[in-house]
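File shown: data35.txt. Contents: compact mmCIF, C-alpha atoms.
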# COMPACT_ATOMS: atom_id res chain seq x y z
CA MET M 1 55.59 43.86 24.34
CA GLN M 2 57.34 41.04 22.51
CA ALA M 3 55.92 37.55 22.09
CA MET M 4 57.61 34.72 24.01
CA ASN M 5 57.16 31.01 23.50
CA LEU M 6 55.40 29.53 26.58
CA LYS M 7 58.03 26.81 27.01
CA THR M 8 60.80 29.43 26.84
CA ALA M 9 58.96 31.63 29.35
CA MET M 10 58.68 28.75 31.82
CA GLN M 11 62.40 27.96 31.41
CA VAL M 12 63.30 31.60 32.06
CA LEU M 13 61.05 31.67 35.12
CA PHE M 14 62.71 28.52 36.49
CA VAL M 15 66.18 30.02 36.08
CA LEU M 16 65.11 33.23 37.79
CA VAL M 17 63.61 31.36 40.74
CA VAL M 18 66.71 29.18 41.17
CA ALA M 19 68.97 32.22 40.94
CA GLY M 20 66.90 34.07 43.52
CA PHE M 21 65.89 36.89 41.18
CA TYR M 22 62.18 36.01 41.27
CA VAL M 23 60.15 35.31 44.37
CA PRO M 24 56.63 33.93 43.84
CA ALA M 25 53.85 36.21 45.04
CA THR M 26 52.67 35.83 48.58
CA ALA M 27 49.01 35.19 49.31
CA ASN M 28 48.55 38.87 50.13
CA GLU M 29 50.28 39.95 46.92
CA GLU M 30 48.09 37.60 44.89
CA SER M 31 44.98 38.92 46.62
CA ASP M 32 46.06 42.49 45.87
CA PHE M 33 46.68 41.58 42.23
CA ILE M 34 43.24 40.00 41.82
CA GLU M 35 41.61 43.04 43.41
CA HIS M 36 43.51 45.30 40.99
CA ALA M 37 42.64 43.09 38.02
CA ARG M 38 38.94 43.10 38.91
CA ALA M 39 39.01 46.89 39.16
CA VAL M 40 40.62 47.12 35.71
CA HIS M 41 38.10 44.65 34.30
CA ALA M 42 35.26 46.76 35.66
CA ARG M 43 36.66 49.98 34.17
CA VAL M 44 37.35 48.78 30.63
CA PHE M 45 34.54 47.86 28.26
CA THR M 46 34.75 44.28 27.02
CA LEU M 47 33.62 43.15 23.57
CA ASP M 48 33.60 39.70 21.97
CA ALA M 49 33.80 40.24 18.20
CA HIS M 50 32.18 36.94 17.19
CA ALA M 51 29.82 34.38 18.70
CA ASP M 52 27.22 32.21 17.04
CA ILE M 53 23.52 32.44 17.88
CA GLU M 54 21.83 29.53 19.60
CA ILE M 55 18.10 29.13 19.01
CA PRO M 56 16.47 28.04 22.29
CA GLY M 57 14.90 24.59 22.10
CA LYS M 58 16.97 23.44 19.12
CA PRO M 59 19.45 20.61 19.74
CA SER M 60 23.05 21.78 19.67
CA MET M 61 26.45 20.22 20.30
CA TYR M 62 27.97 23.62 20.98
CA VAL M 63 26.14 25.01 24.01
CA GLY M 64 27.56 24.97 27.52
CA ALA M 65 27.27 22.10 29.98
CA ASP M 66 24.07 23.74 31.25
CA GLY M 67 22.49 23.48 27.81
CA LEU M 68 22.53 27.26 27.36
CA SER M 69 24.41 29.61 25.06
CA LYS M 70 28.00 30.29 26.02
CA VAL M 71 27.21 34.01 25.78
CA SER M 72 23.90 33.92 27.63
CA PRO M 73 23.02 37.10 29.57
CA GLU M 74 23.77 35.32 32.84
CA LYS M 75 27.25 34.28 31.66
CA MET M 76 27.94 37.76 30.35
CA ASP M 77 27.02 39.16 33.76
CA GLN M 78 29.18 36.61 35.60
CA GLY M 79 32.20 37.36 33.45
CA GLY M 80 31.72 41.10 33.13
CA LEU M 81 31.35 40.91 29.35
CA ASN M 82 29.73 44.10 28.09
CA ALA M 83 29.12 43.34 24.45
CA VAL M 84 29.08 40.58 21.86
CA VAL M 85 28.85 40.53 18.08
CA MET M 86 26.32 37.79 17.35
CA ALA M 87 26.43 36.15 13.94
CA LEU M 88 23.55 35.22 11.68
CA ALA M 89 25.68 32.35 10.41
CA VAL M 90 24.93 29.37 8.19
CA GLY M 91 27.13 26.48 7.10
CA PRO M 92 27.41 24.83 3.71
CA MET M 93 24.27 24.48 1.60
CA PRO M 94 23.56 23.81 -2.08
CA ARG M 95 24.05 26.82 -4.31
CA THR M 96 20.54 26.52 -5.66
CA ALA M 97 17.35 28.54 -5.26
CA ASP M 98 16.26 26.16 -2.48
CA GLY M 99 19.67 26.36 -0.78
CA TYR M 100 19.69 30.16 -0.84
CA ALA M 101 16.14 30.29 0.50
CA ALA M 102 17.01 27.86 3.31
CA ALA M 103 20.10 29.88 4.27
CA LYS M 104 18.09 33.10 4.42
CA THR M 105 15.40 31.39 6.51
CA ILE M 106 17.99 30.20 9.05
CA ALA M 107 19.46 33.70 9.27
CA GLU M 108 16.01 35.19 9.87
CA GLU M 109 15.28 32.58 12.57
CA LYS M 110 18.49 33.52 14.35
CA LEU M 111 17.58 37.20 14.08
CA MET M 112 14.23 36.47 15.74
CA ALA M 113 16.04 34.58 18.53
CA VAL M 114 18.14 37.70 19.21
CA LYS M 115 15.07 39.95 19.18
CA THR M 116 13.36 37.62 21.66
CA LEU M 117 16.42 37.79 23.89
CA ILE M 118 16.45 41.58 23.76
CA ALA M 119 12.70 41.86 24.37
CA LYS M 120 13.09 40.38 27.87
CA ASP M 121 13.77 43.46 29.99
CA SER M 122 15.47 41.51 32.76
CA ASN M 123 18.29 40.59 30.39
CA GLY M 124 19.37 44.23 30.16
CA ILE M 125 20.43 43.89 26.54
CA ARG M 126 20.15 46.36 23.67
CA LEU M 127 20.69 45.89 19.96
CA VAL M 128 23.07 48.64 18.85
CA THR M 129 23.54 49.75 15.27
CA ASP M 130 26.16 52.48 15.55
CA SER M 131 29.19 53.27 17.66
CA ASP M 132 27.50 56.08 19.59
CA GLN M 133 24.65 53.77 20.61
CA PHE M 134 27.24 51.23 21.68
CA LEU M 135 29.03 53.65 23.99
CA ALA M 136 25.75 54.97 25.41
CA THR M 137 24.55 51.43 26.14
CA ILE M 138 27.73 50.53 28.01
CA ALA M 139 27.63 53.84 29.91
CA ASP M 140 24.07 53.05 31.02
CA GLY M 141 25.19 49.69 32.41
CA ASP M 142 23.36 47.61 29.81
CA LYS M 143 24.82 44.89 27.61
CA ALA M 144 25.17 45.46 23.87
CA ILE M 145 24.56 43.13 20.95
CA ILE M 146 25.88 43.93 17.49
CA LEU M 147 24.62 41.79 14.62
CA SER M 148 26.85 40.24 11.98
CA LEU M 149 26.15 38.03 8.97
CA GLN M 150 28.41 35.14 8.07
CA ASN M 151 28.26 33.45 4.66
CA ALA M 152 27.01 35.21 1.53
CA LEU M 153 24.91 32.12 0.76
CA ILE M 154 22.38 33.99 2.88
CA LEU M 155 22.39 36.77 0.29
CA GLY M 156 21.54 34.38 -2.53
CA THR M 157 22.58 35.83 -5.86
CA GLU M 158 21.31 39.38 -5.37
CA LEU M 159 23.54 42.10 -4.00
CA THR M 160 20.45 44.04 -2.88
CA THR M 161 20.02 41.48 -0.08
CA VAL M 162 22.94 43.24 1.64
CA ASP M 163 20.70 46.29 2.08
CA TYR M 164 17.86 44.09 3.36
CA PHE M 165 19.99 42.73 6.21
CA PHE M 166 21.62 46.10 6.89
CA ASP M 167 18.14 47.58 7.31
CA LEU M 168 17.38 44.79 9.82
CA GLY M 169 20.32 45.97 11.93
CA VAL M 170 23.28 43.89 10.70
CA ARG M 171 26.50 45.90 10.92
CA MET M 172 29.23 43.38 10.11
CA PHE M 173 29.42 41.03 7.10
CA ALA M 174 31.65 38.03 6.37
CA LEU M 175 31.39 36.67 2.83
CA THR M 176 32.17 32.99 3.41
CA HIS M 177 31.99 30.11 5.83
CA MET M 178 33.09 26.67 4.71
CA GLY M 179 32.96 26.25 0.97
CA HIS M 180 33.15 28.73 -1.89
CA ASN M 181 30.10 30.74 -2.91
CA ASP M 182 29.14 33.20 -5.66
CA PHE M 183 30.94 36.05 -3.90
CA ALA M 184 34.27 34.64 -2.71
CA ASP M 185 36.57 31.68 -2.11
CA SER M 186 36.68 30.07 1.31
CA SER M 187 39.75 29.09 3.32
CA ARG M 188 38.21 25.60 3.49
CA PRO M 189 37.04 24.13 0.19
CA LEU M 190 34.03 21.88 0.71
CA PHE M 191 33.85 18.14 0.15
CA ASN M 192 30.61 17.01 -1.45
CA ALA M 193 29.75 13.67 0.16
CA ALA M 194 27.11 12.98 -2.48
CA THR M 195 29.53 13.25 -5.39
CA GLY M 196 32.75 12.34 -3.60
CA VAL M 197 34.41 15.45 -5.03
CA ARG M 198 36.12 18.29 -3.19
CA GLU M 199 35.91 21.84 -4.46
CA PRO M 200 39.05 23.23 -6.10
CA SER M 201 41.29 25.29 -3.81
CA ALA M 202 40.03 28.40 -5.62
CA GLU M 203 36.98 29.08 -7.75
CA HIS M 204 37.30 32.83 -8.29
CA GLY M 205 40.96 33.38 -7.50
CA GLY M 206 39.76 35.30 -4.43
CA LEU M 207 36.74 37.55 -4.93
CA SER M 208 34.32 37.30 -7.82
CA SER M 209 33.10 40.50 -9.48
CA LYS M 210 30.04 40.15 -7.27
CA GLY M 211 32.31 39.97 -4.24
CA VAL M 212 34.11 43.17 -5.24
CA ALA M 213 30.73 44.87 -5.68
CA ALA M 214 29.69 43.63 -2.22
CA VAL M 215 32.79 45.19 -0.64
CA GLN M 216 31.99 48.50 -2.30
CA ARG M 217 28.35 48.35 -1.22
CA LEU M 218 29.26 47.52 2.36
CA ASN M 219 31.66 50.47 2.43
CA ALA M 220 28.91 52.73 1.15
CA LEU M 221 26.45 51.52 3.80
CA GLY M 222 28.95 51.87 6.62
CA ALA M 223 29.15 48.17 7.48
CA VAL M 224 32.25 46.52 8.92
CA ILE M 225 33.72 43.82 6.67
CA ASP M 226 35.00 40.60 8.26
CA ILE M 227 37.71 38.58 6.45
CA SER M 228 37.65 35.53 8.74
CA GLN M 229 36.93 32.33 6.77
CA LEU M 230 38.13 33.78 3.44
CA SER M 231 40.95 32.28 1.41
CA THR M 232 44.21 34.20 1.58
CA GLU M 233 43.66 35.61 -1.91
CA ALA M 234 40.11 36.67 -1.11
CA ALA M 235 41.14 38.24 2.21
CA LEU M 236 43.89 40.29 0.57
CA GLN M 237 41.53 41.40 -2.21
CA VAL M 238 38.94 42.54 0.34
CA ILE M 239 41.62 44.62 2.06
CA ASP M 240 42.77 46.08 -1.25
CA ASN M 241 39.23 46.90 -2.44
CA SER M 242 37.89 48.29 0.82
CA ALA M 243 37.87 52.05 1.36
CA ALA M 244 37.71 51.46 5.13
CA PRO M 245 39.55 49.25 7.64
CA VAL M 246 38.36 45.65 7.93
CA VAL M 247 38.56 43.05 10.70
CA ALA M 248 39.13 39.35 11.14
CA SER M 249 36.51 38.56 13.79
CA HIS M 250 37.84 35.17 14.91
CA SER M 251 41.20 34.13 13.46
CA ASN M 252 44.48 33.25 15.13
CA ALA M 253 48.13 33.43 14.06
CA ARG M 254 49.01 30.88 11.40
CA ALA M 255 52.69 31.21 12.29
CA LEU M 256 51.88 29.49 15.60
CA THR M 257 49.10 27.13 14.43
CA ASP M 258 49.26 26.30 10.74
CA VAL M 259 45.64 25.81 9.72
CA SER M 260 43.98 27.55 6.81
CA ARG M 261 41.46 29.34 9.05
CA ASN M 262 44.23 31.33 10.72
CA LEU M 263 45.91 34.38 9.17
CA ASN M 264 49.49 34.24 7.97
CA ASP M 265 51.91 37.09 8.59
CA VAL M 266 51.33 38.61 5.15
CA GLU M 267 47.58 38.76 5.76
CA ILE M 268 48.02 40.23 9.23
CA LYS M 269 50.45 42.91 8.02
CA ARG M 270 48.20 43.85 5.09
CA LEU M 271 45.17 43.94 7.40
CA VAL M 272 47.07 46.27 9.72
CA ALA M 273 48.34 48.49 6.89
CA GLY M 274 44.69 49.27 6.21
CA GLY M 275 44.03 50.00 9.88
CA GLY M 276 42.32 46.69 10.65
CA VAL M 277 42.20 44.32 13.64
CA ILE M 278 42.62 40.54 14.05
CA HIS M 279 40.54 39.05 16.87
CA VAL M 280 42.03 35.97 18.54
CA ALA M 281 39.76 33.06 19.51
CA PRO M 282 39.87 30.48 22.36
CA PHE M 283 39.32 27.66 19.85
CA ALA M 284 41.50 24.56 20.25
CA GLY M 285 41.51 23.89 16.53
CA TYR M 286 43.12 27.30 15.93
CA LEU M 287 45.57 27.00 18.85
CA PHE M 288 47.02 23.47 18.88
CA ASP M 289 50.66 22.60 18.19
CA SER M 290 50.49 21.99 14.43
CA GLN M 291 54.22 21.14 14.38
CA ASP M 292 53.64 17.92 16.36
CA PRO M 293 53.99 15.06 13.83
CA GLY M 294 52.05 12.75 16.13
CA ILE M 295 48.95 14.91 15.76
CA ASP M 296 49.19 14.70 11.98
CA THR M 297 49.42 10.89 12.05
CA ALA M 298 46.60 10.50 14.57
CA LEU M 299 44.30 12.88 12.67
CA ARG M 300 44.76 10.83 9.53
CA SER M 301 43.79 7.73 11.47
CA LEU M 302 40.69 9.41 12.93
CA ARG M 303 39.58 10.57 9.49
CA ARG M 304 40.02 7.07 8.05
CA GLU M 305 37.97 5.62 10.91
CA ALA M 306 35.22 8.15 10.17
CA GLY M 307 35.30 7.19 6.48
CA ILE M 308 36.46 10.57 5.21
CA ASP M 309 39.39 11.91 3.21
CA GLU M 310 42.51 11.52 5.36
CA ASP M 311 44.51 14.00 3.30
CA TYR M 312 42.42 16.97 4.43
CA LEU M 313 43.78 17.46 7.93
CA TYR M 314 41.87 20.46 9.21
CA PRO M 315 40.94 19.03 12.61
CA PHE M 316 37.32 20.04 13.04
CA GLU M 317 35.37 21.77 10.34
CA LEU M 318 35.35 19.00 7.77
CA TYR M 319 32.96 17.07 10.01
CA TRP M 320 30.40 18.28 7.46
CA GLU M 321 31.60 15.34 5.38
CA ILE M 322 30.25 12.90 7.96
CA ASP M 323 26.58 11.98 7.57
CA ASP M 324 26.10 9.67 10.57
CA PRO M 325 25.47 11.82 13.72
CA ALA M 326 27.05 9.24 16.04
CA VAL M 327 30.18 8.98 13.90
CA LYS M 328 30.32 12.78 13.69
CA THR M 329 30.13 13.17 17.47
CA THR M 330 32.81 10.53 18.04
CA PHE M 331 35.09 12.16 15.48
CA LEU M 332 34.69 15.64 16.99
CA ARG M 333 35.38 14.44 20.52
CA SER M 334 38.34 12.32 19.47
CA ALA M 335 39.83 15.15 17.41
CA ARG M 336 39.49 17.58 20.31
CA ASP M 337 41.07 15.14 22.76
CA LEU M 338 43.92 14.59 20.33
CA LEU M 339 44.85 18.28 20.31
CA GLY M 340 45.78 18.08 23.97
CA PRO M 341 45.30 20.31 27.01
CA ILE M 342 45.04 23.79 25.51
CA SER M 343 44.51 26.64 27.96
CA LEU M 344 44.01 30.39 28.06
CA ALA M 345 47.80 30.76 28.17
CA THR M 346 47.99 29.37 24.63
CA MET M 347 45.47 31.93 23.40
CA LEU M 348 47.42 34.70 25.10
CA ASN M 349 50.53 33.49 23.27
CA HIS M 350 48.74 34.26 20.00
CA ILE M 351 47.85 37.74 21.27
CA ASP M 352 51.50 38.26 22.26
CA TYR M 353 52.59 37.12 18.80
CA VAL M 354 50.30 39.56 16.99
CA VAL M 355 51.37 42.42 19.27
CA GLY M 356 55.02 41.58 18.60
CA LEU M 357 54.37 41.47 14.86
CA VAL M 358 52.17 44.54 14.30
CA GLY M 359 51.60 46.33 17.61
CA ILE M 360 48.96 46.70 20.29
CA ASP M 361 46.50 48.66 18.12
CA HIS M 362 45.57 45.74 15.90
CA VAL M 363 44.53 42.80 18.07
CA GLY M 364 41.26 41.95 19.79
CA ILE M 365 39.19 39.02 21.05
CA GLY M 366 36.53 37.13 19.09
CA THR M 367 35.62 33.87 20.77
CA ASP M 368 33.60 31.85 18.25
CA PHE M 369 31.59 30.63 21.26
CA ASN M 370 28.64 28.40 20.36
CA HIS M 371 30.57 26.87 17.48
CA GLY M 372 33.04 24.57 19.22
CA SER M 373 35.14 27.19 20.99
CA GLY M 374 36.14 27.17 24.63
CA ILE M 375 39.38 26.19 26.41
CA SER M 376 40.57 25.70 29.95
CA GLY M 377 40.36 29.07 31.68
CA TYR M 378 38.07 30.55 29.03
CA ILE M 379 35.28 28.09 28.49
CA ASP M 380 32.52 30.66 28.04
CA ALA M 381 31.65 34.32 28.70
CA SER M 382 31.49 33.74 32.46
CA GLU M 383 35.30 33.44 32.48
CA SER M 384 36.00 36.69 30.62
CA PHE M 385 37.72 38.16 33.68
CA ASN M 386 40.44 35.52 33.35
CA VAL M 387 41.50 37.11 30.06
CA THR M 388 42.01 40.49 31.72
CA ALA M 389 43.93 38.94 34.60
CA GLY M 390 46.09 36.97 32.16
CA LEU M 391 46.92 40.05 30.11
CA LEU M 392 47.84 42.06 33.20
CA ARG M 393 50.08 39.24 34.44
CA ARG M 394 51.93 39.41 31.13
CA GLY M 395 52.65 43.09 31.62
CA TYR M 396 49.97 44.75 29.54
CA SER M 397 48.79 48.09 30.90
CA GLU M 398 45.16 48.98 31.54
CA ALA M 399 45.13 51.12 28.39
CA GLU M 400 46.48 48.18 26.37
CA VAL M 401 43.94 45.81 27.89
CA GLN M 402 41.19 48.21 26.83
CA LYS M 403 42.48 48.24 23.26
CA ILE M 404 42.49 44.43 23.13
CA TRP M 405 39.08 44.12 24.83
CA GLY M 406 37.20 46.29 22.32
CA GLY M 407 38.93 49.60 21.91
CA ASN M 408 40.56 48.53 18.65
CA PHE M 409 37.26 47.20 17.29
CA LEU M 410 35.52 50.46 18.19
CA ARG M 411 38.20 52.46 16.37
CA VAL M 412 37.57 50.43 13.20
CA TRP M 413 33.80 50.77 13.54
CA LYS M 414 34.07 54.55 13.84
CA ALA M 415 36.38 54.71 10.82
CA VAL M 416 33.92 52.63 8.78
CA GLU M 417 31.04 54.94 9.77
CA GLU M 418 33.04 58.04 8.85
CA ARG M 419 33.61 56.68 5.33
CA ARG M 420 29.96 55.83 4.77
CA SER M 421 28.62 57.46 1.59
CA ILE M 422 24.91 56.58 1.91
CA PRO M 423 23.10 58.79 4.47

Once more with this new file: its structure as structure tokens, please.
Amino acid sequence: MQAMNLKTAMQVLFVLVVAGFYVPATANEESDFIEHARAVHARVFTLDAHADIEIPGKPSMYVGADGLSKVSPEKMDQGGLNAVVMALAVGPMPRTADGYAAAKTIAEEKLMAVKTLIAKDSNGIRLVTDSDQFLATIADGDKAIILSLQNALILGTELTTVDYFFDLGVRMFALTHMGHNDFADSSRPLFNAATGVREPSAEHGGLSSKGVAAVQRLNALGAVIDISQLSTEAALQVIDNSAAPVVASHSNARALTDVSRNLNDVEIKRLVAGGGVIHVAPFAGYLFDSQDPGIDTALRSLRREAGIDEDYLYPFELYWEIDDPAVKTTFLRSARDLLGPISLATMLNHIDYVVGLVGIDHVGIGTDFNHGSGISGYIDASESFNVTAGLLRRGYSEAEVQKIWGGNFLRVWKAVEERRSIP
């Protein structure tokens, strides 16, 4: 189906109602629709391609209002979410021996948190490490966790660390977060508050030689490669160097929201030419109306008030520049409020756009829950059903809903496994 601007859709609907061509659903019709949608939601398997891991007991600004992970087992059950890719993710750290060691330690702590979660039988969760295990787990009625790694800082300077984490069960790897590293350039160069200097827009011109070697090693192991967070040049070079399809686990359409974390049309088309999938996220900072000049002006003001570089307008992620926790919290809340009332409908507009651009076989859902994500109608995993209902209302078939909700990801995973060269 073709993408339609939400404002245009509402105008069309108004004209149809006035002209008598559209009659709003009766209560019975709405009840029948919800019953149908719930049946579809129960039949398809649902997979979230990216969520961060919360370590119980550690303070966090990203958990739900109940203080728990947005993809907790209870919320997955409530929303009928079958599977989630959980990321061993770390943010910016010094590129020193101590920084690499600290990043690896954080990743291992998050891995232990996942293992603790799985060890509790009542959660009904399994760690799956191949596509057959995934399908068997869903068929048995259990929930599936797939592990990913985000930020090659965790790998240090040694490519062999890729094998170490693969052996621990990690099956998807993203080379960057915020800031460049030894492997690749990031879509968001880092500001060093200590020196007052921002990284150049590119350090390697995309991938370093070590980054190219990492892509080749990941192909050989049979690991899925994730291009979210990479610079445009790095993302395109990953696609070009990979012998298997790759994914963007949580990136939206830059044509609709012009921030560097989203993928432009060239990136999306090149991703798709290689058989890949872009997973759309319910993250306000990737969905807001970037064409609104008032938002630009107000963001500059907020950044000045926080004492940070007003010329770097990415709304959220540069909060790393702010040292004072209270100032950081105020900035984040003010920035989010500034972006306005963003709902599930806005996220579905991005899905429509991708489908209109490259087809139904190349879009999925990756929430980025537990890292600032969550919008009206899709605040956490408990509201996953709303996505299915929203897609059906827009005319997607059950088969298309299945592709969006994990079928496309599974196709990529199988293709990656088939191209594995290391037994």

Residues at most 7 Å from Thr129 (chain M), counting only C-alpha atoms, excluding those fewer than 2 positions away in the same chain, as a PyMOL selection string?
chain M and resi 127+133+146+169+171

Please identify every residue of region 66-149 of chain M that has at least one atom no farther than 12 Å from an atom of region 223-242 of chain M, counting all atoms listed in the file, and for each give the shortest atom pair and the distance in Å to one decimal, arranged by chain then increasing number, as a tab-separated table.
residue	atom	partner	partner_atom	distance
M:Val85	CA	M:Val224	CA	11.5
M:Ala87	CA	M:Asp226	CA	11.2
M:Ala89	CA	M:Gln229	CA	11.8
M:Gly91	CA	M:Gln229	CA	11.4
M:Thr129	CA	M:Ala223	CA	9.7
M:Asp130	CA	M:Ala223	CA	9.6
M:Ser131	CA	M:Ala223	CA	11.4
M:Ile146	CA	M:Val224	CA	11.0
M:Leu147	CA	M:Ala223	CA	10.6
M:Ser148	CA	M:Val224	CA	8.8
M:Leu149	CA	M:Asp226	CA	9.2

For Gly377 (chain M), work out the shell of residues within 10 Å, counting all atoms listed in the file and skipping chain neighbours fewer than 6 positions away, then give it as a list in words.
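That gives Pro282, Ile342, Ser343, Leu344, Ala345, Glu383, Ser384, Phe385, Asn386, Val387 and Gly390 of chain M.
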
Select, from M:Asp121, M:Asp163, M:Glu321, M:Glu305, the residue with the minimum atom-to-atom distance to Leu190 (chain M), counting all atoms listed in the file.
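Looking only at the distances to Leu190 (chain M), the closest residue turns out to be M:Glu321.
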
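Residues of protein, DNA and RNA with at least one atom no farther than 9 Å from (36.5, 22.0, -1.8) are, using all atoms listed in the file, Met178, Gly179, His180, Ser186, Arg188, Pro189, Leu190, Phe191, Asn192, Val197, Arg198, Glu199, Pro200, Ser201 and Ala202 of chain M.
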
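With CA of Asp182 (chain M) on one side and CA of His204 (chain M) on the other, the separation reads 8.6 Å.
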
Per residue of region 143-225 of chain M within 8 Å of region 69-84 of chain M, note the shortest atom pair and the distance in Å to one decimal, counting only C-alpha atoms, and order the rows by chain and increasing residue number, as a tab-separated table.
residue	atom	partner	partner_atom	distance
M:Lys143	CA	M:Asn82	CA	5.0
M:Ala144	CA	M:Ala83	CA	4.5
M:Ile145	CA	M:Val84	CA	5.3
M:Ile146	CA	M:Val84	CA	6.4

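You can rank M:Leu175, M:Ala136, M:Leu339, M:Leu332 by their closest distance to Tyr286 (chain M) using all atoms listed in the file, and at the top of that list sits M:Leu339.
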
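Interatomic distance, CA of Lys110 (chain M) against CA of Asp380 (chain M): 19.8 Å.
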
Can you work out the spacing between CA of Gln150 (chain M) and CA of Gly406 (chain M) in Å, to one decimal?
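Rounded to one decimal, the two atoms are 20.1 Å apart.
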
Which residue is closest to Trp320 (chain M)? Choose from M:Ala39, M:Met93, M:Ala27, M:Ile404 and count all atoms listed in the file.
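Result for the nearest residue to Trp320 (chain M): M:Met93.
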
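Of the residues under consideration (M:Ala213, M:Leu256, M:Ile268, M:Ala284), M:Ala284 shows the shortest atom-to-atom contact distance to Gly340 (chain M) when counting all atoms listed in the file.
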
Option closest in space to Met86 (chain M), from M:Leu348, M:Val114, M:Leu221, M:Ala65 [counting only C-alpha atoms]
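Comparing M:Leu348, M:Val114, M:Leu221, M:Ala65 against Met86 (chain M), the winner is M:Val114.
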